[in-house]
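Student: What follows is a single structure, and I will ask about it in a moment.
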Amino acid sequence: MGFFRFRKVIPLGKFFRLNLSKTGASLSAGRPGATVNVRNDRVDGTVGVPGSGLSYKERLSHRGCAALLVFALMIASLLAGAVAYAH
């Protein structure tokens with residue numbers, strides 16, 4: 001028996017993406033080949049060979065506190081990029 005899935009990716013500049021699914025939201029930062037994904041309960045890192053389908057994913061943190069710190073750093077980077085782009 002099958003099930004329905006929902007996934008929507010919203011680009012936030014060149015290196016950031018907001019990912020929405022029925023299980024929650026996350027923020028990704030990186031380029032093809034290396035990405036960090038932050039959810040409210042964990043931080044995951046992925047490295048791979050773009051276009052090949054080969055990748056390695058590892059949980060970088062299990063704590064919400066670490067996820068909050070990385071999320072804050074990503075938002076700060078995004079805001080700094082927006083300010084630099086505006087000038």
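We name chains A, B, ... following the order of the structure tokens; residues begin at 1 in each chain, and ligands are numbered from 1 as shown.
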Please list as a list of chain:residue names every residue within 9 Å of Asn19 in chain A, counting only C-alpha atoms and excluding residues in the same chain fewer than 2 positions away.
Tutor: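 Returned residues: A:Arg7, A:Lys8, A:Val9, A:Ile10, A:Pro11, A:Arg17, A:Ser21, A:Gly24, A:Ala25, A:Ser26, A:Leu27, A:Ser28.
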Student: How many Å separate CA of Val38 in chain A from CA of Pro50 in chain A?
Tutor: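 According to the coordinates, CA of Val38 in chain A and CA of Pro50 in chain A are separated by 20.6 Å.
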Student: Record the distance separating CA of Asp44 in chain A and CA of Phe3 in chain A, expressed in Å with one decimal.
Tutor: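 Distance between the two atoms: 25.1 Å.
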